[in-house]
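coords-v3.tsv, holding TSV, C-alpha atoms:
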chain	number	residue	atom	x	y	z
A	350	MET	CA	78.99	-39.09	38.92
A	351	TRP	CA	76.34	-37.59	41.08
A	352	ASN	CA	76.82	-34.31	39.36
A	353	LYS	CA	76.32	-35.91	35.96
A	354	ALA	CA	73.14	-37.62	37.15
A	355	LYS	CA	71.96	-34.38	38.67
A	356	ILE	CA	72.69	-32.52	35.49
A	357	GLY	CA	70.83	-35.20	33.51
A	358	VAL	CA	67.80	-34.88	35.76
A	359	CYS	CA	67.85	-31.12	35.41
A	360	ILE	CA	68.00	-31.48	31.64
A	361	ILE	CA	65.06	-33.85	31.65
A	362	ILE	CA	63.05	-31.54	33.94
A	363	GLY	CA	63.94	-28.56	31.78
A	364	SER	CA	62.78	-30.41	28.64
A	365	LEU	CA	59.50	-31.33	30.30
A	366	LEU	CA	58.95	-27.72	31.34
A	367	LEU	CA	59.64	-26.49	27.83
A	368	THR	CA	57.29	-29.10	26.37
A	369	ALA	CA	54.61	-28.10	28.86
A	370	CYS	CA	55.08	-24.43	28.05
A	371	GLY	CA	54.91	-25.17	24.35
A	372	THR	CA	51.74	-27.17	24.80
A	373	THR	CA	50.21	-24.48	26.93
A	374	GLY	CA	51.17	-21.85	24.40
A	375	GLU	CA	49.60	-23.92	21.62
A	376	LYS	CA	46.44	-24.32	23.61
A	377	LEU	CA	46.29	-20.59	24.21
A	378	THR	CA	46.95	-19.98	20.55
A	379	ASN	CA	44.24	-22.44	19.51
A	380	GLY	CA	42.00	-20.93	22.11
A	381	GLY	CA	42.68	-17.51	20.67
A	382	GLN	CA	41.86	-18.75	17.16
A	383	ALA	CA	38.64	-20.34	18.36
A	384	SER	CA	37.68	-17.13	20.11
A	385	ALA	CA	38.33	-15.14	16.94
A	386	ARG	CA	36.31	-17.61	14.88
A	387	GLU	CA	33.42	-17.41	17.32
A	388	GLN	CA	33.67	-13.63	17.20
A	389	ASN	CA	33.60	-13.72	13.39
A	390	GLU	CA	30.60	-16.00	13.46
A	391	GLY	CA	28.92	-13.62	15.89
A	392	ASN	CA	29.71	-10.75	13.56
A	393	ASP	CA	28.23	-12.69	10.63
A	394	VAL	CA	25.03	-13.25	12.60
A	395	THR	CA	24.90	-9.54	13.45
A	396	LEU	CA	25.43	-8.61	9.80
A	397	ASP	CA	22.70	-11.01	8.72
A	398	LYS	CA	20.30	-9.44	11.21
A	399	GLU	CA	21.23	-5.96	10.01
A	400	LYS	CA	20.65	-7.01	6.39
A	401	MET	CA	17.27	-8.47	7.31
A	402	LEU	CA	16.37	-5.28	9.17
A	403	GLU	CA	17.46	-3.09	6.24
A	404	GLU	CA	15.43	-5.24	3.84
A	405	LYS	CA	12.40	-4.97	6.13
A	406	ILE	CA	12.79	-1.18	6.28
A	407	ARG	CA	13.00	-1.02	2.47
A	408	GLU	CA	9.84	-3.14	2.18
A	409	LEU	CA	8.01	-0.89	4.66
A	410	LYS	CA	9.14	2.22	2.76
A	411	LYS	CA	7.90	0.75	-0.53
A	412	GLN	CA	4.56	-0.12	1.08
A	413	LYS	CA	4.27	3.35	2.59
A	414	LEU	CA	5.08	5.01	-0.73
A	415	LYS	CA	2.50	2.86	-2.40
A	416	GLU	CA	-0.10	3.89	0.18
A	417	LEU	CA	0.82	7.54	-0.31
A	418	GLN	CA	0.41	7.42	-4.08
A	419	PRO	CA	-2.64	9.42	-5.20
A	420	ILE	CA	-5.49	7.10	-6.06
A	421	LYS	CA	-6.71	7.85	-9.53
A	422	LYS	CA	-10.31	7.24	-10.39
A	423	ILE	CA	-11.10	4.44	-12.79
A	424	GLY	CA	-9.89	5.46	-16.23
A	425	LYS	CA	-10.09	4.28	-19.79
A	426	LYS	CA	-8.59	0.85	-19.34
A	427	GLU	CA	-10.77	-0.26	-16.41
A	428	SER	CA	-13.97	1.38	-17.55
A	429	ALA	CA	-13.72	0.09	-21.13
A	430	ILE	CA	-15.44	-3.20	-20.29
A	431	GLU	CA	-18.16	-4.89	-22.26
A	432	PRO	CA	-21.34	-3.53	-20.63
A	433	LYS	CA	-23.98	-6.01	-19.55
A	434	PHE	CA	-26.72	-3.75	-18.21
A	435	MET	CA	-25.78	-0.09	-18.73
A	436	LYS	CA	-24.03	1.75	-21.53
A	437	ALA	CA	-22.27	5.02	-20.68
A	438	ASN	CA	-21.37	7.57	-23.33
A	439	LEU	CA	-19.62	10.96	-23.26
A	440	LEU	CA	-19.40	13.58	-26.00
A	441	ILE	CA	-16.95	16.47	-25.52
A	442	SER	CA	-16.92	19.65	-27.56
A	443	LYS	CA	-15.64	23.21	-27.33
A	444	PRO	CA	-18.22	25.53	-28.88
A	445	ASN	CA	-16.77	28.55	-27.09
A	446	ALA	CA	-14.29	29.29	-24.29
A	447	SER	CA	-15.64	26.35	-22.25
A	448	LEU	CA	-15.79	22.60	-22.73
A	449	HIS	CA	-19.27	21.21	-23.20
A	450	LEU	CA	-19.96	17.74	-21.80
A	451	ASP	CA	-22.94	15.78	-23.07
A	452	PHE	CA	-23.32	12.33	-21.53
A	453	PHE	CA	-25.88	9.64	-20.88
A	454	PHE	CA	-26.36	6.26	-19.21
A	455	GLU	CA	-28.64	3.85	-21.07
A	456	ASN	CA	-30.26	0.59	-20.04
A	457	ILE	CA	-29.21	-1.92	-22.73
A	458	SER	CA	-30.48	-5.04	-20.94
A	459	ASP	CA	-33.84	-6.82	-21.17
A	460	ASP	CA	-34.32	-6.19	-17.46
A	461	SER	CA	-35.61	-3.03	-15.86
A	462	ILE	CA	-32.99	-1.19	-13.81
A	463	THR	CA	-33.63	0.89	-10.74
A	464	VAL	CA	-31.12	3.61	-9.89
A	465	VAL	CA	-31.10	4.89	-6.31
A	466	PHE	CA	-29.56	8.28	-5.49
A	467	ASN	CA	-28.90	8.98	-1.82
A	468	THR	CA	-28.70	12.76	-2.34
A	469	GLY	CA	-29.71	15.33	-4.91
A	470	GLN	CA	-26.46	14.66	-6.75
A	471	GLN	CA	-26.89	12.37	-9.76
A	472	PHE	CA	-23.51	12.68	-11.50
A	473	ASP	CA	-19.94	13.76	-10.95
A	474	TYR	CA	-16.95	14.33	-13.17
A	475	TYR	CA	-13.16	14.53	-12.95
A	476	ILE	CA	-10.76	16.29	-15.32
A	477	TYR	CA	-7.08	15.36	-15.68
A	478	ASN	CA	-4.38	17.17	-17.63
A	479	GLU	CA	-1.90	15.55	-20.01
A	480	ASN	CA	0.35	14.68	-17.06
A	481	ASN	CA	-2.50	12.63	-15.58
A	482	GLU	CA	-2.91	15.12	-12.73
A	483	LEU	CA	-6.38	15.80	-11.36
A	484	VAL	CA	-7.08	19.47	-12.07
A	485	TYR	CA	-10.82	19.65	-11.47
A	486	HIS	CA	-13.42	17.72	-9.47
A	487	TRP	CA	-16.93	18.96	-10.18
A	488	SER	CA	-18.64	18.10	-6.86
A	489	LYS	CA	-15.82	19.37	-4.63
A	490	GLY	CA	-17.17	22.14	-2.41
A	491	ARG	CA	-20.76	21.65	-3.61
A	492	TYR	CA	-23.68	20.82	-1.37
A	493	PHE	CA	-26.66	18.64	-2.30
A	494	THR	CA	-30.07	17.98	-0.81
A	495	GLN	CA	-30.21	14.95	1.47
A	496	ALA	CA	-33.08	13.17	-0.22
A	497	ILE	CA	-33.29	9.64	-1.60
A	498	LYS	CA	-34.56	9.36	-5.15
A	499	GLU	CA	-35.28	6.25	-7.24
A	500	ILE	CA	-35.48	6.17	-11.03
A	501	THR	CA	-36.51	3.05	-12.97
A	502	LEU	CA	-35.17	2.59	-16.49
A	503	ASP	CA	-36.77	0.16	-18.90
A	504	LYS	CA	-34.81	-1.19	-21.85
A	505	GLY	CA	-33.62	1.71	-24.01
A	506	ASP	CA	-34.31	4.36	-21.39
A	507	ARG	CA	-31.57	6.86	-20.63
A	508	LEU	CA	-30.44	9.25	-17.96
A	509	SER	CA	-29.01	12.22	-19.89
A	510	TYR	CA	-27.02	15.19	-18.58
A	511	GLN	CA	-25.19	18.26	-19.89
A	512	THR	CA	-22.69	20.53	-18.20
A	513	ASP	CA	-19.84	22.92	-19.02
A	514	TRP	CA	-16.31	23.40	-17.72
A	515	ASN	CA	-14.69	26.81	-18.08
A	516	PHE	CA	-11.03	25.72	-17.80
A	517	THR	CA	-10.61	26.65	-14.14
A	518	ASP	CA	-9.30	24.35	-11.42
A	519	ASN	CA	-10.82	23.91	-7.95
A	520	GLN	CA	-8.81	26.89	-6.69
A	521	GLY	CA	-10.30	29.14	-9.35
A	522	GLN	CA	-7.08	29.33	-11.38
A	523	LYS	CA	-7.43	29.55	-15.14
A	524	LEU	CA	-5.95	26.61	-17.03
A	525	PRO	CA	-4.53	26.71	-20.56
A	526	ASP	CA	-5.69	24.85	-23.64
A	527	GLY	CA	-4.17	21.42	-24.08
A	528	LYS	CA	-4.94	17.73	-23.68
A	529	TYR	CA	-7.53	16.79	-21.07
A	530	HIS	CA	-8.98	13.46	-19.99
A	531	ILE	CA	-12.50	13.50	-18.54
A	532	GLU	CA	-14.42	10.91	-16.55
A	533	VAL	CA	-18.11	11.27	-15.72
A	534	TRP	CA	-19.79	9.10	-13.12
A	535	LEU	CA	-23.38	8.23	-12.36
A	536	THR	CA	-23.40	8.55	-8.58
A	537	GLY	CA	-26.41	6.34	-7.83
A	538	GLN	CA	-26.47	2.61	-7.29
A	539	ALA	CA	-28.07	0.69	-10.15
A	540	LYS	CA	-29.75	-2.68	-9.73
A	541	ALA	CA	-31.31	-5.02	-12.30
A	542	ASP	CA	-34.77	-5.68	-10.90
A	543	LYS	CA	-35.49	-9.22	-12.12
A	544	ALA	CA	-31.95	-10.54	-11.87
A	545	GLY	CA	-31.43	-8.84	-8.51
A	546	THR	CA	-27.91	-7.95	-9.64
A	547	ILE	CA	-26.07	-4.79	-8.66
A	548	VAL	CA	-24.73	-3.20	-11.83
A	549	ASN	CA	-20.94	-3.02	-11.98
A	550	GLN	CA	-19.75	0.50	-11.16
A	551	ASN	CA	-17.57	0.49	-14.29
A	552	GLU	CA	-20.74	0.46	-16.39
A	553	LEU	CA	-21.72	3.77	-14.80
A	554	ILE	CA	-18.59	5.62	-15.93
A	555	ALA	CA	-18.08	7.35	-19.27
A	556	VAL	CA	-14.65	8.58	-20.34
A	557	GLY	CA	-13.29	10.76	-23.09
A	558	SER	CA	-10.37	12.98	-24.06
A	559	ILE	CA	-9.96	16.21	-25.97
A	560	GLU	CA	-7.07	18.39	-27.11
A	561	THR	CA	-7.92	22.06	-27.41
A	562	VAL	CA	-5.97	24.90	-29.02
A	563	ASN	CA	-6.18	28.66	-28.76

Starting from the file, lay out its structure as structure tokens.
Amino acid sequence: MWNKAKIGVCIIIGSLLLTACGTTGEKLTNGGQASAREQNEGNDVTLDKEKMLEEKIRELKKQKLKELQPIKKIGKKESAIEPKFMKANLLISKPNASLHLDFFFENISDDSITVVFNTGQQFDYYIYNENNELVYHWSKGRYFTQAIKEITLDKGDRLSYQTDWNFTDNQGQKLPDGKYHIEVWLTGQAKADKAGTIVNQNELIAVGSIETVN
């Protein structure tokens, strides 16, 4: 009888041990799952940070590329505004092997306009090819007297200029016939005397295009 009771106690103890082991194993298993889930969540956070960093790098690259883009001078679209004070006009012709540029800037307002030049330079011009590439800049490499000059224009008065371009770039290389876009600038600052208004720079730019053939 004692042996039966002893055996019964052993069975009960053994069952308790198995239950405890099973519970412990379940806890370890659950603990393992929780650890994996936390690890996955940590990975997700890391991936999110990496994505944010990659996006930031892309944005910085775009900004840098934008900054590195060559800045084109004001062209047809921006300079074709309705003038309020000054009218700019450019005539382009090819009487010989060179292009002839004839341009003027006229006071079309009822106010007198004073133009101030900080140097001996009064105009400049830029020439672009059909690919919109700058091929010639007139004032590049030129030197001008350092003297301030003021010119007052009454209504209808003009500042007129003429110059020629012989189809060479700033490196002295000969360029072929083709389509060219030209922008001429009045380099002084213009101010309406009575109104006290600085004339918009776009009013001091004349643009034109020409296609030449051999």

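Put simply, CA of Ser488 (chain A) is 16.6 Å away from CA of His449 (chain A).
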
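Separating CA of Val548 (chain A) from CA of Ile457 (chain A) is a distance of 11.9 Å.
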
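The neighbours of region 505-508 of chain A here are the residues that come within 6 Å of it, using all atoms listed in the file and leaving out any residue fewer than 4 positions away in the same chain; they are Phe453, Phe454, Glu455, Asn456 and Ile457 of chain A.
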
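When only C-alpha atoms are used to compute distances to Asp473 (chain A), the closest of the residues A:Phe452, A:Tyr510, A:Phe434, A:Trp534 turns out to be A:Trp534.
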
Gap from CA of Leu553 (chain A) to CA of Leu448 (chain A) - Å, one decimal
21.3 Å

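The nearest approach to Pro444 (chain A) among the residues A:Lys528, A:Gln538, A:Gln471, A:Asp513, with all atoms listed in the file taken into account, belongs to A:Asp513.
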
Please identify all polymer residues within 8 Å of Thr494 (chain A), counting only C-alpha atoms, omitting same-chain residues fewer than 4 positions from it, and present them as a ChimeraX atom specification.
/A:468-470

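If all atoms listed in the file are the atoms counted, then among A:Ala539, A:Ile476, A:Leu524, A:Ile441 the closest residue to Glu499 (chain A) is A:Ala539.
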
Asn519 (chain A) environment, 9 Å, only C-alpha atoms, sequence neighbours closer than 3 positions dropped, as a PyMOL selection string
chain A and resi 484-487+489-490+522

Convert the current residue selection to file output with C-alpha atoms, as a CSV table (one decimal), keeping the file's coordinate frame.
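result_28.csv was written with the following content:
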chain,number,residue,atom,x,y,z
A,484,VAL,CA,-7.1,19.5,-12.1
A,485,TYR,CA,-10.8,19.6,-11.5
A,486,HIS,CA,-13.4,17.7,-9.5
A,487,TRP,CA,-16.9,19.0,-10.2
A,489,LYS,CA,-15.8,19.4,-4.6
A,490,GLY,CA,-17.2,22.1,-2.4
A,522,GLN,CA,-7.1,29.3,-11.4

Leaving out Ala541 (chain A) and any residue of its chain fewer than 6 positions from it, which residues lie within 8 Å of it when counting all atoms listed in the file, given as a JSON list (two decimals) with C-alpha atoms, in the coordinates of the input?
[["chain", "number", "residue", "atom", "x", "y", "z"],
["A", 434, "PHE", "CA", -26.72, -3.75, -18.21],
["A", 460, "ASP", "CA", -34.32, -6.19, -17.46],
["A", 461, "SER", "CA", -35.61, -3.03, -15.86],
["A", 462, "ILE", "CA", -32.99, -1.19, -13.81],
["A", 463, "THR", "CA", -33.63, 0.89, -10.74],
["A", 547, "ILE", "CA", -26.07, -4.79, -8.66],
["A", 548, "VAL", "CA", -24.73, -3.20, -11.83]]

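With distances restricted to only C-alpha atoms, A:Asp542 is the closest residue to Leu502 (chain A) from A:Thr561, A:Leu483, A:Asn467, A:Asp542.
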
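Residue nearest Asp526 (chain A) within the list A:Ser447, A:Asp503, A:Asp459, A:Phe472: A:Ser447 [criterion: smallest interatomic distance, only C-alpha atoms].
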
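Closest approach to Phe466 (chain A) from the set A:Gly557, A:Gly537, A:Pro525, A:Pro432 is made by A:Gly537, with distances taken over all atoms listed in the file.
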
Residue neighbourhood Asp451 (chain A), 9 Å, only C-alpha atoms, exclusion window fewer than 6 positions, as number ranges by chain
A: 438-442, 509-513
